[in-house]
Each structure stands twice: as C-alpha cells, then as structure tokens.
$ cat input_21.pdb   # PDB, C-alpha atoms, pLDDT in the B column
ATOM      1  CA  MET S 965      23.145   6.288  12.340  1.00 56.00           C
ATOM      2  CA  LYS S 966      23.983   8.574   9.434  1.00 66.00           C
ATOM      3  CA  SER S 967      24.682   5.502   7.274  1.00 79.00           C
ATOM      4  CA  VAL S 968      20.971   4.641   7.425  1.00 83.00           C
ATOM      5  CA  GLU S 969      19.841   8.091   6.297  1.00 87.00           C
ATOM      6  CA  PRO S 970      20.333   7.568   2.510  1.00 88.00           C
ATOM      7  CA  VAL S 971      18.406   4.285   2.633  1.00 89.00           C
ATOM      8  CA  VAL S 972      15.563   5.940   4.524  1.00 92.00           C
ATOM      9  CA  ARG S 973      15.480   8.754   1.948  1.00 93.00           C
ATOM     10  CA  ILE S 974      15.324   6.207  -0.890  1.00 94.00           C
ATOM     11  CA  ALA S 975      12.367   4.475   0.780  1.00 95.00           C
ATOM     12  CA  ASP S 976      10.614   7.823   1.241  1.00 96.00           C
ATOM     13  CA  LYS S 977      11.204   8.915  -2.351  1.00 96.00           C
ATOM     14  CA  THR S 978      10.143   5.522  -3.736  1.00 96.00           C
ATOM     15  CA  ASN S 979       6.855   5.606  -1.854  1.00 96.00           C
ATOM     16  CA  GLU S 980       6.278   9.260  -2.684  1.00 97.00           C
ATOM     17  CA  LEU S 981       6.639   8.411  -6.383  1.00 96.00           C
ATOM     18  CA  ALA S 982       4.546   5.231  -6.125  1.00 96.00           C
ATOM     19  CA  GLY S 983       1.793   7.104  -4.298  1.00 95.00           C
ATOM     20  CA  ARG S 984       1.697   9.866  -6.878  1.00 95.00           C
ATOM     21  CA  ILE S 985       1.621   7.369  -9.756  1.00 94.00           C
ATOM     22  CA  GLY S 986      -1.031   5.300  -7.992  1.00 93.00           C
ATOM     23  CA  SER S 987      -3.160   8.384  -7.431  1.00 94.00           C
ATOM     24  CA  LEU S 988      -3.318   8.878 -11.189  1.00 95.00           C
ATOM     25  CA  LEU S 989      -5.442   5.719 -11.351  1.00 94.00           C
ATOM     26  CA  PHE S 990      -8.338   7.834 -10.070  1.00 93.00           C
ATOM     27  CA  LEU S 991      -8.618   9.290 -13.567  1.00 95.00           C
ATOM     28  CA  PRO S 992      -9.384   5.999 -15.358  1.00 96.00           C
ATOM     29  CA  LEU S 993     -11.566   4.999 -12.391  1.00 95.00           C
ATOM     30  CA  ILE S 994     -13.655   8.146 -12.787  1.00 96.00           C
ATOM     31  CA  PHE S 995     -13.829   7.587 -16.544  1.00 96.00           C
ATOM     32  CA  VAL S 996     -14.925   3.941 -16.171  1.00 96.00           C
ATOM     33  CA  ILE S 997     -17.632   4.728 -13.631  1.00 95.00           C
ATOM     34  CA  THR S 998     -18.872   7.735 -15.617  1.00 96.00           C
ATOM     35  CA  PHE S 999     -18.969   5.566 -18.733  1.00 96.00           C
ATOM     36  CA  GLU S1000     -21.122   3.016 -16.884  1.00 95.00           C
ATOM     37  CA  ILE S1001     -23.503   5.697 -15.647  1.00 96.00           C
ATOM     38  CA  VAL S1002     -23.936   7.141 -19.139  1.00 96.00           C
ATOM     39  CA  MET S1003     -24.366   3.705 -20.731  1.00 96.00           C
ATOM     40  CA  ARG S1004     -26.836   2.549 -18.083  1.00 95.00           C
ATOM     41  CA  TYR S1005     -28.998   5.624 -17.618  1.00 95.00           C
ATOM     42  CA  VAL S1006     -28.709   7.453 -20.936  1.00 96.00           C
ATOM     43  CA  PHE S1007     -28.513   4.567 -23.410  1.00 95.00           C
ATOM     44  CA  ASN S1008     -30.162   1.882 -21.230  1.00 94.00           C
ATOM     45  CA  SER S1009     -27.243  -0.436 -22.045  1.00 94.00           C
ATOM     46  CA  PRO S1010     -25.296  -1.392 -18.899  1.00 92.00           C
ATOM     47  CA  THR S1011     -21.840  -2.916 -19.198  1.00 93.00           C
ATOM     48  CA  ILE S1012     -20.571  -6.220 -17.825  1.00 91.00           C
ATOM     49  CA  TRP S1013     -17.018  -5.096 -17.160  1.00 93.00           C
ATOM     50  CA  VAL S1014     -17.180  -1.860 -15.127  1.00 93.00           C
ATOM     51  CA  HIS S1015     -17.775  -3.405 -11.705  1.00 91.00           C
ATOM     52  CA  GLU S1016     -14.702  -5.639 -11.908  1.00 93.00           C
ATOM     53  CA  THR S1017     -12.559  -3.003 -13.598  1.00 94.00           C
ATOM     54  CA  SER S1018     -13.313  -0.418 -10.925  1.00 94.00           C
ATOM     55  CA  GLY S1019     -12.589  -2.990  -8.221  1.00 93.00           C
ATOM     56  CA  TYR S1020      -9.260  -3.888  -9.813  1.00 94.00           C
ATOM     57  CA  LEU S1021      -8.274  -0.236 -10.096  1.00 95.00           C
ATOM     58  CA  LEU S1022      -9.104   0.257  -6.412  1.00 95.00           C
ATOM     59  CA  VAL S1023      -7.000  -2.770  -5.438  1.00 94.00           C
ATOM     60  CA  VAL S1024      -4.009  -1.446  -7.368  1.00 95.00           C
ATOM     61  CA  MET S1025      -4.432   2.032  -5.845  1.00 95.00           C
ATOM     62  CA  ALA S1026      -4.632   0.588  -2.323  1.00 94.00           C
ATOM     63  CA  MET S1027      -1.622  -1.680  -2.767  1.00 94.00           C
ATOM     64  CA  VAL S1028       0.562   0.945  -4.426  1.00 94.00           C
ATOM     65  CA  GLY S1029      -0.590   3.671  -2.039  1.00 95.00           C
ATOM     66  CA  GLY S1030      -0.048   1.806   1.245  1.00 93.00           C
ATOM     67  CA  GLY S1031       3.573   2.877   1.621  1.00 94.00           C
ATOM     68  CA  TYR S1032       2.704   6.437   0.597  1.00 96.00           C
ATOM     69  CA  THR S1033      -0.046   6.559   3.225  1.00 95.00           C
ATOM     70  CA  PHE S1034       2.351   5.184   5.853  1.00 92.00           C
ATOM     71  CA  LEU S1035       4.974   7.770   4.851  1.00 94.00           C
ATOM     72  CA  HIS S1036       2.474  10.595   5.411  1.00 94.00           C
ATOM     73  CA  LYS S1037       1.023   9.050   8.609  1.00 87.00           C
ATOM     74  CA  GLY S1038      -2.369   8.583   6.998  1.00 86.00           C
ATOM     75  CA  HIS S1039      -3.288   5.231   8.534  1.00 81.00           C
ATOM     76  CA  VAL S1040      -5.728   5.092  11.443  1.00 78.00           C
ATOM     77  CA  SER S1041      -4.167   5.227  14.887  1.00 76.00           C
ATOM     78  CA  VAL S1042      -5.448   5.428  18.454  1.00 75.00           C
ATOM     79  CA  ASP S1043      -3.670   8.292  20.186  1.00 80.00           C
ATOM     80  CA  ILE S1044      -5.034   8.111  23.739  1.00 86.00           C
ATOM     81  CA  ILE S1045      -1.657   7.313  25.324  1.00 84.00           C
ATOM     82  CA  TYR S1046       0.586   7.919  22.318  1.00 83.00           C
ATOM     83  CA  ALA S1047      -0.176  11.653  22.062  1.00 86.00           C
ATOM     84  CA  ARG S1048       1.005  12.252  25.643  1.00 90.00           C
ATOM     85  CA  LEU S1049       4.438  10.696  25.080  1.00 88.00           C
ATOM     86  CA  SER S1050       7.635  12.469  24.159  1.00 89.00           C
ATOM     87  CA  THR S1051       9.169  11.898  20.733  1.00 88.00           C
ATOM     88  CA  ARG S1052      11.549   9.346  22.250  1.00 91.00           C
ATOM     89  CA  GLY S1053       8.690   7.666  24.153  1.00 90.00           C
ATOM     90  CA  LYS S1054       6.683   7.364  20.929  1.00 89.00           C
ATOM     91  CA  ALA S1055       9.685   5.801  19.196  1.00 90.00           C
ATOM     92  CA  ILE S1056      10.139   3.276  22.014  1.00 91.00           C
ATOM     93  CA  LEU S1057       6.440   2.366  21.976  1.00 89.00           C
ATOM     94  CA  ASP S1058       6.522   1.982  18.185  1.00 88.00           C
ATOM     95  CA  LEU S1059       9.520  -0.322  18.395  1.00 91.00           C
ATOM     96  CA  ILE S1060       7.941  -2.482  21.100  1.00 91.00           C
ATOM     97  CA  ILE S1061       4.393  -2.710  19.773  1.00 86.00           C
ATOM     98  CA  THR S1062       4.197  -1.658  16.146  1.00 82.00           C
ATOM     99  CA  ALA S1063       7.415  -3.135  14.729  1.00 85.00           C
ATOM    100  CA  PRO S1064       6.571  -6.810  15.484  1.00 89.00           C
ATOM    101  CA  PHE S1065       3.097  -6.477  13.940  1.00 90.00           C
ATOM    102  CA  MET S1066       4.541  -4.731  10.902  1.00 88.00           C
ATOM    103  CA  LEU S1067       7.047  -7.525  10.378  1.00 87.00           C
ATOM    104  CA  ILE S1068       4.247 -10.122  10.422  1.00 91.00           C
ATOM    105  CA  LEU S1069       2.223  -8.036   7.970  1.00 90.00           C
ATOM    106  CA  TYR S1070       5.241  -7.704   5.650  1.00 90.00           C
ATOM    107  CA  TYR S1071       5.813 -11.442   5.728  1.00 89.00           C
ATOM    108  CA  VAL S1072       2.212 -12.097   4.740  1.00 91.00           C
ATOM    109  CA  LEU S1073       2.022  -9.418   2.050  1.00 91.00           C
ATOM    110  CA  VAL S1074       5.436  -9.935   0.468  1.00 94.00           C
ATOM    111  CA  TRP S1075       6.241 -13.621   0.921  1.00 94.00           C
ATOM    112  CA  LYS S1076       2.786 -15.156   0.967  1.00 93.00           C
ATOM    113  CA  GLY S1077       1.487 -12.540  -1.479  1.00 93.00           C
ATOM    114  CA  ALA S1078       4.266 -13.505  -3.903  1.00 96.00           C
ATOM    115  CA  GLU S1079       3.325 -17.188  -3.573  1.00 95.00           C
ATOM    116  CA  PHE S1080      -0.332 -16.268  -4.114  1.00 94.00           C
ATOM    117  CA  ALA S1081       0.495 -14.142  -7.166  1.00 95.00           C
ATOM    118  CA  TRP S1082       2.866 -16.742  -8.605  1.00 97.00           C
ATOM    119  CA  GLN S1083       0.197 -19.435  -8.333  1.00 96.00           C
ATOM    120  CA  ALA S1084      -2.281 -17.148 -10.106  1.00 96.00           C
ATOM    121  CA  ILE S1085       0.272 -16.465 -12.856  1.00 96.00           C
ATOM    122  CA  THR S1086       1.122 -20.123 -13.406  1.00 96.00           C
ATOM    123  CA  ASP S1087      -2.579 -20.998 -13.510  1.00 96.00           C
ATOM    124  CA  MET S1088      -3.326 -17.957 -15.720  1.00 95.00           C
ATOM    125  CA  GLU S1089      -6.164 -17.340 -13.269  1.00 95.00           C
ATOM    126  CA  ARG S1090      -9.232 -15.496 -14.454  1.00 94.00           C
ATOM    127  CA  SER S1091     -12.089 -13.994 -12.458  1.00 90.00           C
ATOM    128  CA  GLY S1092     -14.725 -16.564 -13.407  1.00 88.00           C
ATOM    129  CA  SER S1093     -17.336 -13.901 -14.142  1.00 88.00           C
ATOM    130  CA  PHE S1094     -19.219 -13.534 -17.397  1.00 89.00           C
ATOM    131  CA  TRP S1095     -16.580 -11.050 -18.602  1.00 89.00           C
ATOM    132  CA  ASN S1096     -13.775 -13.267 -17.169  1.00 91.00           C
ATOM    133  CA  PRO S1097     -10.742 -10.916 -17.222  1.00 92.00           C
ATOM    134  CA  PRO S1098      -7.314 -12.130 -16.063  1.00 93.00           C
ATOM    135  CA  ILE S1099      -6.981 -11.720 -12.313  1.00 93.00           C
ATOM    136  CA  TYR S1100      -3.306 -12.694 -12.086  1.00 93.00           C
ATOM    137  CA  LEU S1101      -2.331  -9.212 -13.282  1.00 91.00           C
ATOM    138  CA  ILE S1102      -4.010  -7.695 -10.249  1.00 93.00           C
ATOM    139  CA  LYS S1103      -2.678 -10.283  -7.791  1.00 94.00           C
ATOM    140  CA  MET S1104       0.870  -9.308  -8.797  1.00 95.00           C
ATOM    141  CA  PHE S1105       0.291  -6.009  -7.001  1.00 95.00           C
ATOM    142  CA  ILE S1106      -0.076  -7.732  -3.614  1.00 94.00           C
ATOM    143  CA  PRO S1107       3.668  -8.415  -3.132  1.00 95.00           C
ATOM    144  CA  VAL S1108       4.565  -5.145  -4.882  1.00 95.00           C
ATOM    145  CA  GLY S1109       2.386  -3.181  -2.474  1.00 95.00           C
ATOM    146  CA  GLY S1110       3.671  -5.259   0.418  1.00 94.00           C
ATOM    147  CA  PHE S1111       7.245  -4.458  -0.589  1.00 95.00           C
ATOM    148  CA  LEU S1112       6.501  -0.730  -0.782  1.00 96.00           C
ATOM    149  CA  LEU S1113       4.859  -0.856   2.644  1.00 94.00           C
ATOM    150  CA  MET S1114       7.754  -2.926   3.991  1.00 94.00           C
ATOM    151  CA  ILE S1115      10.483  -0.509   2.908  1.00 94.00           C
ATOM    152  CA  GLN S1116       8.536   2.366   4.436  1.00 95.00           C
ATOM    153  CA  GLY S1117       8.036   0.389   7.641  1.00 93.00           C
ATOM    154  CA  LEU S1118      11.739  -0.429   7.821  1.00 92.00           C
ATOM    155  CA  ALA S1119      12.490   3.266   7.291  1.00 93.00           C
ATOM    156  CA  LYS S1120      10.164   4.009  10.224  1.00 92.00           C
ATOM    157  CA  ILE S1121      11.954   1.435  12.368  1.00 92.00           C
ATOM    158  CA  ALA S1122      15.316   3.003  11.424  1.00 91.00           C
ATOM    159  CA  ARG S1123      13.969   6.437  12.381  1.00 91.00           C
ATOM    160  CA  ASP S1124      12.686   5.094  15.696  1.00 91.00           C
ATOM    161  CA  PHE S1125      16.024   3.422  16.508  1.00 90.00           C
ATOM    162  CA  THR S1126      17.810   6.671  15.721  1.00 90.00           C
ATOM    163  CA  THR S1127      15.421   8.622  17.945  1.00 90.00           C
ATOM    164  CA  VAL S1128      15.747   6.148  20.829  1.00 90.00           C
ATOM    165  CA  PHE S1129      19.527   5.777  20.786  1.00 89.00           C
ATOM    166  CA  THR S1130      20.717   9.218  19.680  1.00 86.00           C
ATOM    167  CA  ARG S1131      17.732  11.334  20.728  1.00 72.00           C
ATOM    168  CA  ALA S1132      17.877  12.892  17.265  1.00 69.00           C
ATOM    169  CA  LYS S1133      15.154  12.694  14.677  1.00 70.00           C
ATOM    170  CA  LEU S1134      16.110  11.228  11.308  1.00 65.00           C
ATOM    171  CA  ALA S1135      14.885  13.392   8.428  1.00 62.00           C
TER     172      ALA S1135
END
$ encode --input "input_21.pdb" --output "structure tokens"
Amino acid sequence: MKSVEPVVRIADKTNELAGRIGSLLFLPLIFVITFEIVMRYVFNSPTIWVHETSGYLLVVMAMVGGGYTFLHKGHVSVDIIYARLSTRGKAILDLIITAPFMLILYYVLVWKGAEFAWQAITDMERSGSFWNPPIYLIKMFIPVGGFLLMIQGLAKIARDFTTVFTRAKLA
C-alpha cells in the first residue's frame, strides 16, 4: 500500500493549494459587494453587473474549494452510527456506502460537466441578462472542481482500503 502514498499526498497537496487559491476570491467578492453598496446607497447609482459577478465568484470558490473541504472533512455528515465505529469500521462503511455515491458524483461533475462546459464554449454562451457577460468561463470550473473533488475522493478510497486491509492509517 506504500505505492499509493505518494499519489495520495499529491491529491492532498493539490487540493490544499486549490483551496487556498480559491479562498483568495473572497477579496474581490468583498470588493465587488462593497462597491455595489457604496454606489447604491451613497451615490444612488446601482450597478447592473454586481449580482452576476458575485454569483460567478461564489461558483468558482465552491467548485475549486470542494476538494479542499473534503480533504479537511468539512462537508456535512450524519454521525449517529459512524461515530461509534472503530477506525477500520468507518473505513469499511465508507467503502460500502460513500464510495459508490462519490463515483456517481464524479462522473456527473467531471464527464457531464465537461460536456456541459464544452457546449457552452462552442456556443460562446452568455448569461442573457442586460449586462450579458460570458458564462462559458464559469462553466469551465464545473469539470475542474469535479476533478479536484474526484482526486480527493480517490485518495480517501485509497486511505480506506489501506485501513481495511492493513489496519494502518495512510497519512
């Protein structure tokens, strides 16, 4: 199982970096929203682009941060039974229940998300609003985020297999 360890570390480091970079998008988000508040309430001149821009920034942060959140166990979980299990029992339960659902999610986000993004790129899709910014740039983050989540999920599966079959925890 030691041969899997470097791959797991690469997945962890990739998502750590992606999460930290994605978190920096809070700065332009704060700026954009503050700009709208000042324009609307101080100068009585609201903008037409802040709502969509803030939404796009949130989408990118969510997609890029999904793997990071999974790495740090930040997603919601129900621990009624899970908390009472041993480390090996948790790994077995994760492999039986969580792994199949994760694989379906990865298929949808990566494969179907790539098809979705590619169609938006070829159509040069725009939002259709009055401001009408390009939306294909944002849709490209769906498969990227799915890929980041997928590599972290596969790292989790590798850790669980290691725990189940060797009773050792992978770093």
$ resolve_selection --input "input_21.pdb" --expression "the PyMOL selection byres ((chain S and resi 1102-1109) around 8)" --output "count of residues only"
26
$ resolve_selection --input "input_21.pdb" --expression "the PyMOL selection byres ((chain S and resi 1055) around 8)" --output "PyMOL selection string"
chain S and resi 1051-1054+1056-1059+1124-1125+1127-1128
$ closest_residue --input "input_21.pdb" --among "S:Phe999, S:Phe1129, S:Trp1095, S:Tyr1032" --to "Ile1012 (chain S)" --atoms "all atoms listed in the file"
S:Trp1095
$ residues_around --input "input_21.pdb" --residues "Ala1119 (chain S)" --least-positions-apart "3" --cutoff "12 Å" --atoms "all atoms listed in the file" --output "PyMOL selection string"
chain S and resi 968-979+1031+1034-1035+1063+1066+1112-1116+1122-1126+1134-1135
$ atom_distance --input "input_21.pdb" --atom1 "CA of Val1014 (chain S)" --atom2 "CA of Phe995 (chain S)"
10.1 Å
$ atom_distance --input "input_21.pdb" --atom1 "CA of Ile985 (chain S)" --atom2 "CA of His1039 (chain S)"
19.1 Å
$ closest_residue --input "input_21.pdb" --among "S:Trp1013, S:Tyr1046, S:Tyr1005, S:Tyr1070" --to "Ser1093 (chain S)" --atoms "all atoms listed in the file"
S:Trp1013
$ atom_distance --input "input_21.pdb" --atom1 "CA of Glu980 (chain S)" --atom2 "CA of Leu1069 (chain S)"
20.7 Å
$ closest_residue --input "input_21.pdb" --among "S:Arg1048, S:His1015, S:Lys1133, S:Lys1120" --to "Phe1094 (chain S)" --atoms "only C-alpha atoms"
S:His1015
$ resolve_selection --input "input_21.pdb" --expression "the PyMOL selection byres ((chain S and resi 993) around 10)" --output "PDB file with C-alpha atoms, in the coordinates of the input"
ATOM      1  CA  LEU S 988      -3.318   8.878 -11.189  1.00 95.00           C
ATOM      2  CA  LEU S 989      -5.442   5.719 -11.351  1.00 94.00           C
ATOM      3  CA  PHE S 990      -8.338   7.834 -10.070  1.00 93.00           C
ATOM      4  CA  LEU S 991      -8.618   9.290 -13.567  1.00 95.00           C
ATOM      5  CA  PRO S 992      -9.384   5.999 -15.358  1.00 96.00           C
ATOM      6  CA  ILE S 994     -13.655   8.146 -12.787  1.00 96.00           C
ATOM      7  CA  PHE S 995     -13.829   7.587 -16.544  1.00 96.00           C
ATOM      8  CA  VAL S 996     -14.925   3.941 -16.171  1.00 96.00           C
ATOM      9  CA  ILE S 997     -17.632   4.728 -13.631  1.00 95.00           C
ATOM     10  CA  THR S 998     -18.872   7.735 -15.617  1.00 96.00           C
ATOM     11  CA  PHE S 999     -18.969   5.566 -18.733  1.00 96.00           C
ATOM     12  CA  VAL S1014     -17.180  -1.860 -15.127  1.00 93.00           C
ATOM     13  CA  THR S1017     -12.559  -3.003 -13.598  1.00 94.00           C
ATOM     14  CA  SER S1018     -13.313  -0.418 -10.925  1.00 94.00           C
ATOM     15  CA  GLY S1019     -12.589  -2.990  -8.221  1.00 93.00           C
ATOM     16  CA  TYR S1020      -9.260  -3.888  -9.813  1.00 94.00           C
ATOM     17  CA  LEU S1021      -8.274  -0.236 -10.096  1.00 95.00           C
ATOM     18  CA  LEU S1022      -9.104   0.257  -6.412  1.00 95.00           C
TER      19      LEU S1022
END
$ closest_residue --input "input_21.pdb" --among "S:Lys1037, S:Arg984, S:Arg1090, S:Arg1131" --to "Glu1016 (chain S)" --atoms "only C-alpha atoms"
S:Arg1090
